[in-house]
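Structure, as structure tokens:
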Amino acid sequence: KSGSGKTTFADLTLGLLKPSKGNIYINNNQIVDGSFENFDISYVPQSINLVDDNLKENITLGHDFDNNLMNKVISFSDLEEFHKIKQDKSIGEDGSKISGGQKQRIGIARALYSKFEILILDEATNALDLNTENKVLENICNYIKDKTLIIISHRSSSLKSCNKIYEIKNGDLN
């Protein structure tokens with residue numbers, strides 16, 4: 001439900017907020033004072049920030065370029081056609097020249113390009129049609145088999161690959 005605390009949960013998990021009570025554990029390790037330095041976490045928020053540059057620069061954000069990894073994340077994010085057409089073209093300030101679904105898929109590609117143990121998708125596929133969403137989520141699940149994936153979504157279809165599903169209701173995680 002909107003306003004139930006899903007994004008707050010992500011912010012707590014990312015260490016952006018400290019809990020007002022209780023503790024946070026990741027892999028049975030208590031997180032103390034918001035210190036997540038021992039964890040590589042990649043995050044795809046609801047709204048993706050992009051720079052006025054090409055696809056490669058928006059995915060790598062200045063990290064070392066790895067062509068094989070770039071090809072994988074473009075494929076997993078269902079950006080092959082987009083890459084063929086707009087490969088070297090600017091996508092506009094904050095993605096003004098592309099669709100919301102393309103922005104989200106670039107955000108997903110960026111997250112997959114990063115080194116991570118935990119991937120958090122916070123409404124990261126809400127601008128995608130169901131077929132594209134299913135394809136992208138299936139690709140992600142196949143790609144990160146040995147990693148933790150947290151999907152925050154209103155859509156039950158987004159959660160079909162999850163082995164555990166929690167609901168936030170009245171401020172409680174059930």
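Each chain of the structure tokens is named A, B, ... in the order shown, its residues numbered from 1; ligands are numbered from 1 in display order.
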List the neighbours of Glu133 of chain A out to 12 Å using only C-alpha atoms; skip same-chain residues closer than 4 positions along the sequence, and give me the result as a PyMOL selection string.
chain A and resi 76-78+101-102+104-105+108+123-129+137-140+153+155-161
Mind the document's chain letters and residue numbers, and return as a PyMOL selection string the residues of segment 49-122 of chain A that DSSP labels helix (DSSP H, G or I).
chain A and resi 55-60+67-76+80-86+93-95+100-113
Could you write out, as a list in words, all the residues of chain A that DSSP marks as strand (DSSP E or B)?
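Those residues are Ile24, Tyr25, Ile26, Asn29, Gln30, Ile31, Ile41, Ser42, Tyr43, Val44, Ile118, Leu119, Ile120, Leu121, Asp122, Thr148, Leu149, Ile150, Ile151, Ile152, Ile168, Lys169, Asp172 and Leu173 of chain A.
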Pick out the residues sitting within 9 Å of Cys141 of chain A, and hand them over as a compact mmCIF listing (two decimals) with N, CA and C atoms, in the first residue's frame; count only C-alpha atoms, and ignore anything fewer than 5 positions along from it in its own chain.
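Writing done, so here's part22.txt:
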# COMPACT_ATOMS: atom_id res chain seq x y z
N VAL A 136 12.87 -8.73 -17.77
CA VAL A 136 13.97 -8.11 -17.02
C VAL A 136 14.14 -8.80 -15.67
N LEU A 149 18.44 -10.48 -3.54
CA LEU A 149 17.62 -9.55 -4.30
C LEU A 149 16.41 -9.17 -3.44
N SER A 161 9.00 -14.36 -8.66
CA SER A 161 10.26 -15.10 -8.57
C SER A 161 10.85 -15.12 -7.16
N CYS A 162 10.20 -14.42 -6.24
CA CYS A 162 10.72 -14.31 -4.87
C CYS A 162 10.44 -15.58 -4.08
Shell of 9 Å around segment 7-12 of chain A, only C-alpha atoms, local chain residues under 3 positions omitted, as a PDB file with C-alpha atoms, in the first residue's frame:
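Produced file part.pdb, reproduced below:
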ATOM      1  CA  GLY A   3       2.732   5.248   2.233  1.00  0.00           C
ATOM      2  CA  SER A   4       3.148   2.038   4.224  1.00  0.00           C
ATOM      3  CA  GLY A  15      21.909   2.926   5.920  1.00  0.00           C
ATOM      4  CA  LEU A  16      20.392   6.224   4.777  1.00  0.00           C
ATOM      5  CA  LEU A  17      18.193   6.215   7.895  1.00  0.00           C
ATOM      6  CA  LYS A  18      18.863   4.864  11.371  1.00  0.00           C
ATOM      7  CA  PRO A  19      16.109   2.871  13.068  1.00  0.00           C
ATOM      8  CA  ILE A  24      19.157  -4.237  11.437  1.00  0.00           C
ATOM      9  CA  GLY A  34      24.324   2.645  10.004  1.00  0.00           C
ATOM     10  CA  TYR A  43      20.021   0.188  -5.383  1.00  0.00           C
ATOM     11  CA  PRO A  45      15.150   3.774  -6.768  1.00  0.00           C
ATOM     12  CA  GLN A  46      11.696   4.640  -8.071  1.00  0.00           C
ATOM     13  CA  ILE A 120      17.432  -3.566  -3.984  1.00  0.00           C
ATOM     14  CA  LEU A 121      14.787  -2.731  -6.573  1.00  0.00           C
ATOM     15  CA  ASP A 122      12.386  -0.095  -5.195  1.00  0.00           C
ATOM     16  CA  GLU A 123       9.466   0.073  -7.643  1.00  0.00           C
ATOM     17  CA  ILE A 150      15.051  -7.356  -2.529  1.00  0.00           C
ATOM     18  CA  ILE A 152       9.816  -3.567  -3.357  1.00  0.00           C
TER      19      ILE A 152
END
Do a neighbour search on Ala111 of chain A at 9 Å with only C-alpha atoms, toss out local chain neighbours closer than 5 positions, and write the hits as a list of chain:residue names.
A:Ile41, A:Ser42, A:Tyr43, A:Val44, A:Ile59, A:Val73, A:Ile106, A:Phe116, A:Leu119, A:Ile120
Interatomic distance between atom CA of Leu69 of chain A and atom CA of Glu117 of chain A?
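Distance reported for this atom pair: 16.3 Å.
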Work out how far atom CA of Asp53 of chain A is from atom CA of Ile91 of chain A, in Å to one decimal.
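About the pair atom CA of Ile91 of chain A and atom CA of Asp53 of chain A: they are 6.0 Å apart.
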State, in Å with one decimal place, the distance from atom CA of Ser2 of chain A to atom CA of Ile168 of chain A.
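Separating atom CA of Ser2 of chain A from atom CA of Ile168 of chain A is a distance of 10.1 Å.
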For Val51 of chain A, work out the shell of residues within 10 Å, counting only C-alpha atoms and skipping chain neighbours fewer than 4 positions away, then give it as a VMD selection string.
chain A and resid 55 57 to 59 61 90 to 96
Within 9 Å of Phe65 of chain A, counting only C-alpha atoms, which residues show up once you throw out same-chain ones fewer than 5 positions away? Write them as a PDB file with C-alpha atoms, in the first residue's frame, please.
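Dumped everything to part.pdb:
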ATOM      1  CA  LYS A  56      27.544   3.945 -21.628  1.00  0.00           C
ATOM      2  CA  THR A  60      29.145   3.122 -15.867  1.00  0.00           C
ATOM      3  CA  MET A  70      28.338  -3.808 -20.452  1.00  0.00           C
TER       4      MET A  70
END
